[in-house]
Amino acid sequence: MRHDPHILSKPAGSSELVLHPDRPLLLVVEGIDLSGRTTQVKLLHDWLLAQHYAVTTTAWRTSPLVSDLLSRARSSRSHLQPMAYSLLFCADHLDRTQHVIKPALARREIVLADRYSYTAFARDAARGVDPAWIRDVYSFVVEPDRVFYLHISPEEAVKRRMALLRKQKETQISHSSKSPKHGSHDDLSKVEEEKKRVKKSEKDAKPSKKQAHSEPAHKSALPDIRTEKALVAPISQETLESFRSFEDRMYIEYQRMQKEFGFTVIEGNQSIETIQNQLRRMVMRLLLDLDGD
Amino acid sequence: MPCDTVSFLKEEEKVTMPAQIHHGRVGDSSVLIPHTYPGRLIAAEGLDGSGKSTQLRLLQFWLQSEGYDVLIAEWTPSKLFNRALKAGKKEGHLDPMLLSILYAADFAELYESEIVPALRHGIIVLIDRYVYTALARDMARGVDRIWLETIYRFAAKPDLALYFRINADQSLERILRNIPRLKYYQTGMDLGLSNDPIVSFRAFQARISHEYAQLIKQGGLLELDATLPIRQQQQILRAAVAPILPGEQIEE
């Protein structure tokens with residue numbers, strides 16, 4: 001998701017003040033699949049905008065160059081090798097570093113990143129790529145000011161995935177035309193908690209489906225959930241096992257990196273609202289500390 | 001030219017004997033780690049039109065006649081990679097570093113899917129362009145050398161790496177004879193050296209040639225005069241390959 005800074009700086013039909021942090025601020029939200037990252041980043045983004053802060057959000061695999069390439073690679077029958085994938089994801093990060101992150105920081109904006117190099121480190125380690133090598137390859141990255149790690153257990157990830165697939169199945173069967181449009185995120189209290197969970201799951205589902213298919217290590221074990229038809233297929237034990245085993249490995253890597261990179265841990269098994277409030281408090285503190293300098 | 005042959009043989013001793021001793025120094029092309037696969041890896045490097053592909057094919061015939069399993073692999077941009085180039089060009093995003101990492105992804109795919117499995121099976125792999133191509137070409141684009149060496153650290157050190165030496169003018173002359181249409185990145189047009197593809201190609205090849213020269217200085221690449229008659233080059237090549245063949249004890 002890219003936001004034109006000029007549009008941000010001059011909201012249509014208003015002459016409202018746009019706030020900049022005293023120095024550029026790069027905030028990262030990390031976590032395993034279905035931990036609720038994307039939802040939280042979106043809420044944080046909207047909140048910062050509402051506070052009149054200049055903010056840019058950048059998400060994993062959104063470089064136009066590489067996202068197209070990776071979807072083509074996925075749609076072709078021949079899956080790419082682990083290191084080739086690893087380097088393509090790195091190209092995505094490099095492209096966004098040069099064309100989104102660095103320019104936004106240069107404009108003194110708050111940059112929110114939905115996943116960062118740590119996702120690559122976790123995935124590559126889980127697929128057997130040399131951790132020292134991949135860290136060296138990513139030596140070009142901008143060091144974040146803070147990494148928020150949304151911690152959920154692999155069991156919770158599996159639970160959420162099952163709920164998600166069940167929900168998709170129901171949607172398919174009823175041919176429901178309900179579109180999961182989001183209301184104002186600033187009005188959290190009005191929205192029913194359970195509904196949000198489902199919506200959140202749907203939002204998170206898209207990237208996680210794609211990612212699952214970009215994992216050559218267990219490609220054979222995964223069903224074809226790209227197609228509509230496959231979405232309504234029953235969840236096989238094998239699929240779940242494969243998902244669980246990959247999530248387990250990712251989880252171990254995240255736990256390891258928590259110490260290595262000094263992540264700020266947030267318990268992801270709380271309500272969206274609680275998590276968001278924690279995030280906002282911490283971000284506010286960061287902004288105030290900077291303002292007070 | 002017997003003189004070339006003599007200097008070549010001296011080089012050969014240097015390269016095949018102590019190359020493994022000094023690996024791991026940052027900024028040295030010998031950071032590539034020797035492999036332990038039963039197969040053998042022979043890399044051919046050189047400017048476009050240096051005749052390395054012809055020499056590899058002749059070498060393949062010879063090795064097969066000696067009873068070896070041989071695979072010729074060529075590092076040419078894959079379909080996927082060409083799509084990325086197209087997309088990147090459209091977006092205007094393709095600076096040298098990004099280009100370089102896409103090349104690396106392309107190479108990693110070839111390396112993992114073809115080269116390593118063949119080496120594992122004890123096959124002699126003749127690779128037309130290897131890591132040195134990337135180092136020379138990307139350094140010619142101004143990409144940081146240490147970062148490049150880091151990226152390509154996954155690639156095994158070849159048992160023998162040859163550099164088929166021709167100069168930029170010879171390269172241009174030979175390439176124009178064969179392929180009349182030059183490609184955007186092949187000619188280094190992205191560097192803005194010249195608006196004329198031919199002038200740009202020549203300037204870019206000269207830069208690459210300079211980078212190869214640096215790599216040769218650091219050892220690891222065996223230089224071969226690619227202006228010699230084809231037959232003579234092939235004789236030199238076979239003499240260099242013989243000592244590294246599996247199960248062969250060539251008496252000097």
# chains A, B, ... in the order shown; residues from 1 in each chain; ligands from 1

call {"tool": "closest_atom_pairs", "arguments": {"of": "chain B", "to": "chain A", "cutoff": "8 Å", "atoms": "only C-alpha atoms", "output": "JSON lines"}}
result
{"residue": "B:Leu80", "atom": "CA", "partner": "A:Leu69", "partner_atom": "CA", "distance": 6.9}
{"residue": "B:Arg83", "atom": "CA", "partner": "A:Leu69", "partner_atom": "CA", "distance": 7.1}
{"residue": "B:Ala84", "atom": "CA", "partner": "A:Leu69", "partner_atom": "CA", "distance": 6.1}
{"residue": "B:Ala87", "atom": "CA", "partner": "A:Leu65", "partner_atom": "CA", "distance": 5.4}
{"residue": "B:Gly88", "atom": "CA", "partner": "A:Leu65", "partner_atom": "CA", "distance": 5.4}
{"residue": "B:Glu91", "atom": "CA", "partner": "A:Leu65", "partner_atom": "CA", "distance": 7.4}
{"residue": "B:His93", "atom": "CA", "partner": "A:Asp95", "partner_atom": "CA", "distance": 7.1}
{"residue": "B:Leu98", "atom": "CA", "partner": "A:Ala91", "partner_atom": "CA", "distance": 6.1}
{"residue": "B:Ile101", "atom": "CA", "partner": "A:Ala91", "partner_atom": "CA", "distance": 6.0}
{"residue": "B:Leu102", "atom": "CA", "partner": "A:Leu88", "partner_atom": "CA", "distance": 6.6}
{"residue": "B:Ala104", "atom": "CA", "partner": "A:Leu87", "partner_atom": "CA", "distance": 7.0}
{"residue": "B:Ala105", "atom": "CA", "partner": "A:Ala84", "partner_atom": "CA", "distance": 4.4}
{"residue": "B:Asp106", "atom": "CA", "partner": "A:Ala84", "partner_atom": "CA", "distance": 6.5}
{"residue": "B:Phe107", "atom": "CA", "partner": "A:Ala84", "partner_atom": "CA", "distance": 7.7}
{"residue": "B:Ala108", "atom": "CA", "partner": "A:Ala84", "partner_atom": "CA", "distance": 5.0}
{"residue": "B:Glu109", "atom": "CA", "partner": "A:Ala84", "partner_atom": "CA", "distance": 5.1}
{"residue": "B:Glu112", "atom": "CA", "partner": "A:Gln81", "partner_atom": "CA", "distance": 6.4}
{"residue": "B:Ser113", "atom": "CA", "partner": "A:Gln81", "partner_atom": "CA", "distance": 6.8}
{"residue": "B:Trp147", "atom": "CA", "partner": "A:Val137", "partner_atom": "CA", "distance": 6.9}
{"residue": "B:Thr150", "atom": "CA", "partner": "A:Val137", "partner_atom": "CA", "distance": 6.4}
{"residue": "B:Ile151", "atom": "CA", "partner": "A:Val137", "partner_atom": "CA", "distance": 5.7}
{"residue": "B:Arg153", "atom": "CA", "partner": "A:Trp133", "partner_atom": "CA", "distance": 7.7}

call {"tool": "write_last_selection", "arguments": {"atoms": "N, CA and C atoms", "output": "PDB file, in the first residue's frame"}}
result
ATOM      1  N   LEU B  80      11.509 -15.977 -16.490  1.00  0.00           N
ATOM      2  CA  LEU B  80      11.073 -15.290 -15.282  1.00  0.00           C
ATOM      3  C   LEU B  80      11.884 -14.017 -15.069  1.00  0.00           C
ATOM      4  N   ARG B  83      11.075 -11.306 -17.467  1.00  0.00           N
ATOM      5  CA  ARG B  83       9.831 -10.629 -17.082  1.00  0.00           C
ATOM      6  C   ARG B  83      10.098  -9.578 -16.016  1.00  0.00           C
ATOM      7  N   ALA B  84      10.948  -9.951 -15.065  1.00  0.00           N
ATOM      8  CA  ALA B  84      11.292  -9.010 -13.992  1.00  0.00           C
ATOM      9  C   ALA B  84      11.973  -7.779 -14.577  1.00  0.00           C
ATOM     10  N   ALA B  87       9.316  -5.628 -16.186  1.00  0.00           N
ATOM     11  CA  ALA B  87       8.516  -4.937 -15.168  1.00  0.00           C
ATOM     12  C   ALA B  87       9.328  -3.818 -14.531  1.00  0.00           C
ATOM     13  N   GLY B  88      10.558  -4.126 -14.221  1.00  0.00           N
ATOM     14  CA  GLY B  88      11.423  -3.157 -13.558  1.00  0.00           C
ATOM     15  C   GLY B  88      11.710  -1.958 -14.438  1.00  0.00           C
ATOM     16  N   GLU B  91       8.659   0.234 -14.454  1.00  0.00           N
ATOM     17  CA  GLU B  91       8.504   0.986 -13.205  1.00  0.00           C
ATOM     18  C   GLU B  91       9.624   2.004 -13.025  1.00  0.00           C
ATOM     19  N   HIS B  93      12.433   1.193 -11.824  1.00  0.00           N
ATOM     20  CA  HIS B  93      12.987   0.851 -10.518  1.00  0.00           C
ATOM     21  C   HIS B  93      14.326   0.136 -10.583  1.00  0.00           C
ATOM     22  N   LEU B  98      19.455  -3.565  -7.561  1.00  0.00           N
ATOM     23  CA  LEU B  98      18.254  -4.372  -7.746  1.00  0.00           C
ATOM     24  C   LEU B  98      18.443  -5.355  -8.900  1.00  0.00           C
ATOM     25  N   ILE B 101      20.548  -8.223  -7.704  1.00  0.00           N
ATOM     26  CA  ILE B 101      19.924  -9.248  -6.857  1.00  0.00           C
ATOM     27  C   ILE B 101      18.969 -10.118  -7.681  1.00  0.00           C
ATOM     28  N   LEU B 102      18.392  -9.542  -8.732  1.00  0.00           N
ATOM     29  CA  LEU B 102      17.550 -10.351  -9.621  1.00  0.00           C
ATOM     30  C   LEU B 102      18.407 -11.355 -10.402  1.00  0.00           C
ATOM     31  N   ALA B 104      21.083 -12.587  -9.308  1.00  0.00           N
ATOM     32  CA  ALA B 104      21.489 -13.585  -8.315  1.00  0.00           C
ATOM     33  C   ALA B 104      20.387 -14.616  -8.091  1.00  0.00           C
ATOM     34  N   ALA B 105      19.130 -14.138  -8.049  1.00  0.00           N
ATOM     35  CA  ALA B 105      18.003 -15.059  -7.868  1.00  0.00           C
ATOM     36  C   ALA B 105      17.940 -16.018  -9.053  1.00  0.00           C
ATOM     37  N   ASP B 106      18.159 -15.479 -10.226  1.00  0.00           N
ATOM     38  CA  ASP B 106      18.142 -16.283 -11.442  1.00  0.00           C
ATOM     39  C   ASP B 106      19.242 -17.344 -11.397  1.00  0.00           C
ATOM     40  N   PHE B 107      20.414 -16.922 -10.970  1.00  0.00           N
ATOM     41  CA  PHE B 107      21.536 -17.848 -10.886  1.00  0.00           C
ATOM     42  C   PHE B 107      21.287 -18.904  -9.814  1.00  0.00           C
ATOM     43  N   ALA B 108      20.730 -18.475  -8.673  1.00  0.00           N
ATOM     44  CA  ALA B 108      20.460 -19.410  -7.574  1.00  0.00           C
ATOM     45  C   ALA B 108      19.539 -20.528  -8.049  1.00  0.00           C
ATOM     46  N   GLU B 109      18.564 -20.155  -8.868  1.00  0.00           N
ATOM     47  CA  GLU B 109      17.624 -21.139  -9.397  1.00  0.00           C
ATOM     48  C   GLU B 109      18.355 -22.184 -10.246  1.00  0.00           C
ATOM     49  N   GLU B 112      20.750 -24.317  -7.888  1.00  0.00           N
ATOM     50  CA  GLU B 112      20.110 -25.309  -7.017  1.00  0.00           C
ATOM     51  C   GLU B 112      19.382 -26.398  -7.797  1.00  0.00           C
ATOM     52  N   SER B 113      18.808 -26.008  -8.948  1.00  0.00           N
ATOM     53  CA  SER B 113      17.985 -26.988  -9.652  1.00  0.00           C
ATOM     54  C   SER B 113      18.787 -27.848 -10.627  1.00  0.00           C
ATOM     55  N   TRP B 147      29.342  -6.829  -0.906  1.00  0.00           N
ATOM     56  CA  TRP B 147      27.939  -7.275  -0.888  1.00  0.00           C
ATOM     57  C   TRP B 147      27.720  -8.366  -1.935  1.00  0.00           C
ATOM     58  N   THR B 150      29.118 -11.555  -0.852  1.00  0.00           N
ATOM     59  CA  THR B 150      28.243 -12.120   0.181  1.00  0.00           C
ATOM     60  C   THR B 150      27.099 -12.889  -0.464  1.00  0.00           C
ATOM     61  N   ILE B 151      26.453 -12.251  -1.421  1.00  0.00           N
ATOM     62  CA  ILE B 151      25.307 -12.879  -2.077  1.00  0.00           C
ATOM     63  C   ILE B 151      25.704 -14.212  -2.698  1.00  0.00           C
ATOM     64  N   ARG B 153      28.031 -16.198  -2.015  1.00  0.00           N
ATOM     65  CA  ARG B 153      28.752 -17.103  -1.127  1.00  0.00           C
ATOM     66  C   ARG B 153      28.194 -18.518  -1.186  1.00  0.00           C
TER      67      ARG B 153
END

call {"tool": "residues_around", "arguments": {"residues": "Glu156 of chain A", "least_positions_apart": "6", "cutoff": "9 Å", "atoms": "only C-alpha atoms", "output": "list in words"}}
result
Leu34, Ser35 and Asn269 of chain A

call {"tool": "residues_around", "arguments": {"residues": "segment 107-122 of chain A", "least_positions_apart": "6", "cutoff": "6 Å", "atoms": "only C-alpha atoms", "output": "list in words"}}
result
His20, Pro24, Leu25, Leu26, Leu27, Val28, Val29, Glu30, Ala54, Val55, Thr56, Thr57, Thr58, Ala59, Trp60, Met250 and Glu253 of chain A

call {"tool": "closest_residue", "arguments": {"among": "A:Leu150, A:Val158, A:Leu17, A:Leu286", "to": "Gln40 of chain A", "atoms": "only C-alpha atoms"}}
result
A:Leu150

call {"tool": "select_by_dssp", "arguments": {"residues": "segment 46-218 of chain B", "states": "strand (DSSP E)", "output": "list in words"}}
result
Gly46, Val70, Leu71, Ile72, Ala73, Glu74, Ile124, Val125, Leu126, Ile127, Asp128, Leu160, Ala161, Leu162, Tyr163, Phe164 and Arg165 of chain B

call {"tool": "write_last_selection", "arguments": {"atoms": "C-alpha atoms", "output": "short mmCIF file (atom, residue, chain, number, x, y, z; two decimals), in the first residue's frame"}}
result
data_model
loop_
_atom_site.label_atom_id
_atom_site.label_comp_id
_atom_site.auth_asym_id
_atom_site.auth_seq_id
_atom_site.Cartn_x
_atom_site.Cartn_y
_atom_site.Cartn_z
CA GLY B 46 34.73 -14.27 -20.78
CA VAL B 70 28.89 -34.45 -18.76
CA LEU B 71 26.34 -31.69 -18.37
CA ILE B 72 26.63 -28.36 -20.13
CA ALA B 73 24.69 -25.64 -18.37
CA GLU B 74 24.44 -22.09 -19.55
CA ILE B 124 31.14 -33.23 -14.75
CA VAL B 125 29.37 -29.92 -15.08
CA LEU B 126 30.59 -27.47 -17.68
CA ILE B 127 29.03 -24.14 -16.83
CA ASP B 128 28.95 -21.40 -19.41
CA LEU B 160 38.55 -25.12 -12.67
CA ALA B 161 37.51 -21.65 -13.81
CA LEU B 162 38.68 -20.41 -17.18
CA TYR B 163 38.74 -16.93 -18.54
CA PHE B 164 38.66 -16.74 -22.34
CA ARG B 165 40.43 -13.47 -22.96
#

call {"tool": "residues_around", "arguments": {"residues": "segment 181-190 of chain B", "least_positions_apart": "4", "cutoff": "10 Å", "atoms": "only C-alpha atoms", "output": "PyMOL selection string"}}
result
chain B and resi 48+85+89+94-96+99+137+140-141+175-176+194-205

call {"tool": "atom_distance", "arguments": {"atom1": "atom CA of Asn167 of chain B", "atom2": "atom CA of Leu224 of chain B"}}
result
12.3 Å

call {"tool": "residues_around", "arguments": {"residues": "Tyr251 of chain A", "least_positions_apart": "3", "cutoff": "9 Å", "atoms": "only C-alpha atoms", "output": "list in words"}}
result
Gly31, Ile32, Ala122, His151, Ile152, Ser153, Pro154, Phe246, Glu247, Asp248, Tyr254, Gln255 and Arg256 of chain A

call {"tool": "write_last_selection", "arguments": {"atoms": "N, CA and C atoms", "output": "PDB file, in the first residue's frame"}}
result
ATOM      1  N   GLY A  31       5.320 -10.929  13.163  1.00  0.00           N
ATOM      2  CA  GLY A  31       4.614 -12.024  13.813  1.00  0.00           C
ATOM      3  C   GLY A  31       4.356 -13.130  12.812  1.00  0.00           C
ATOM      4  N   ILE A  32       4.081 -14.322  13.310  1.00  0.00           N
ATOM      5  CA  ILE A  32       3.820 -15.436  12.401  1.00  0.00           C
ATOM      6  C   ILE A  32       2.483 -15.222  11.703  1.00  0.00           C
ATOM      7  N   ALA A 122      13.098 -15.541   9.322  1.00  0.00           N
ATOM      8  CA  ALA A 122      12.357 -16.660   9.906  1.00  0.00           C
ATOM      9  C   ALA A 122      12.017 -17.695   8.839  1.00  0.00           C
ATOM     10  N   HIS A 151       2.936 -11.803  19.364  1.00  0.00           N
ATOM     11  CA  HIS A 151       3.217 -13.188  19.712  1.00  0.00           C
ATOM     12  C   HIS A 151       1.931 -14.016  19.813  1.00  0.00           C
ATOM     13  N   ILE A 152       1.815 -15.014  18.949  1.00  0.00           N
ATOM     14  CA  ILE A 152       0.793 -16.044  19.165  1.00  0.00           C
ATOM     15  C   ILE A 152       1.488 -17.394  19.050  1.00  0.00           C
ATOM     16  N   SER A 153       0.923 -18.390  19.697  1.00  0.00           N
ATOM     17  CA  SER A 153       1.533 -19.725  19.654  1.00  0.00           C
ATOM     18  C   SER A 153       1.188 -20.376  18.316  1.00  0.00           C
ATOM     19  N   PRO A 154       1.983 -21.337  17.887  1.00  0.00           N
ATOM     20  CA  PRO A 154       1.668 -22.043  16.632  1.00  0.00           C
ATOM     21  C   PRO A 154       0.308 -22.740  16.723  1.00  0.00           C
ATOM     22  N   PHE A 246       5.277 -25.983   9.666  1.00  0.00           N
ATOM     23  CA  PHE A 246       5.955 -24.780   9.187  1.00  0.00           C
ATOM     24  C   PHE A 246       5.806 -23.646  10.202  1.00  0.00           C
ATOM     25  N   GLU A 247       4.603 -23.510  10.755  1.00  0.00           N
ATOM     26  CA  GLU A 247       4.379 -22.464  11.760  1.00  0.00           C
ATOM     27  C   GLU A 247       5.254 -22.707  12.988  1.00  0.00           C
ATOM     28  N   ASP A 248       5.416 -23.983  13.347  1.00  0.00           N
ATOM     29  CA  ASP A 248       6.267 -24.334  14.486  1.00  0.00           C
ATOM     30  C   ASP A 248       7.689 -23.836  14.257  1.00  0.00           C
ATOM     31  N   TYR A 254      11.213 -16.915  15.366  1.00  0.00           N
ATOM     32  CA  TYR A 254      10.786 -15.627  15.930  1.00  0.00           C
ATOM     33  C   TYR A 254      11.196 -15.508  17.398  1.00  0.00           C
ATOM     34  N   GLN A 255      11.036 -16.601  18.128  1.00  0.00           N
ATOM     35  CA  GLN A 255      11.412 -16.577  19.537  1.00  0.00           C
ATOM     36  C   GLN A 255      12.906 -16.310  19.684  1.00  0.00           C
ATOM     37  N   ARG A 256      13.684 -16.894  18.781  1.00  0.00           N
ATOM     38  CA  ARG A 256      15.137 -16.712  18.798  1.00  0.00           C
ATOM     39  C   ARG A 256      15.481 -15.250  18.486  1.00  0.00           C
TER      40      ARG A 256
END

call {"tool": "atom_distance", "arguments": {"atom1": "atom CA of Arg207 of chain B", "atom2": "atom CA of Arg238 of chain B"}}
result
29.7 Å

call {"tool": "atom_distance", "arguments": {"atom1": "atom CA of Glu241 of chain A", "atom2": "atom CA of Gly36 of chain A"}}
result
21.4 Å

call {"tool": "select_by_dssp", "arguments": {"residues": "segment 50-238 of chain B", "states": "helix (DSSP H, G or I)", "output": "VMD selection string"}}
result
chain B and resid 52 to 65 79 to 91 96 to 120 131 to 140 145 to 154 168 to 178 189 to 191 197 to 217 230 to 238

call {"tool": "residues_around", "arguments": {"residues": "Ala213 of chain B", "least_positions_apart": "5", "cutoff": "9 Å", "atoms": "only C-alpha atoms", "output": "PyMOL selection string"}}
result
chain B and resi 136+208+218

call {"tool": "residues_around", "arguments": {"residues": "Pro77 of chain B", "least_positions_apart": "3", "cutoff": "8 Å", "atoms": "only C-alpha atoms", "output": "list in words"}}
result
Phe81, Asn82, Tyr103 and Asp106 of chain B
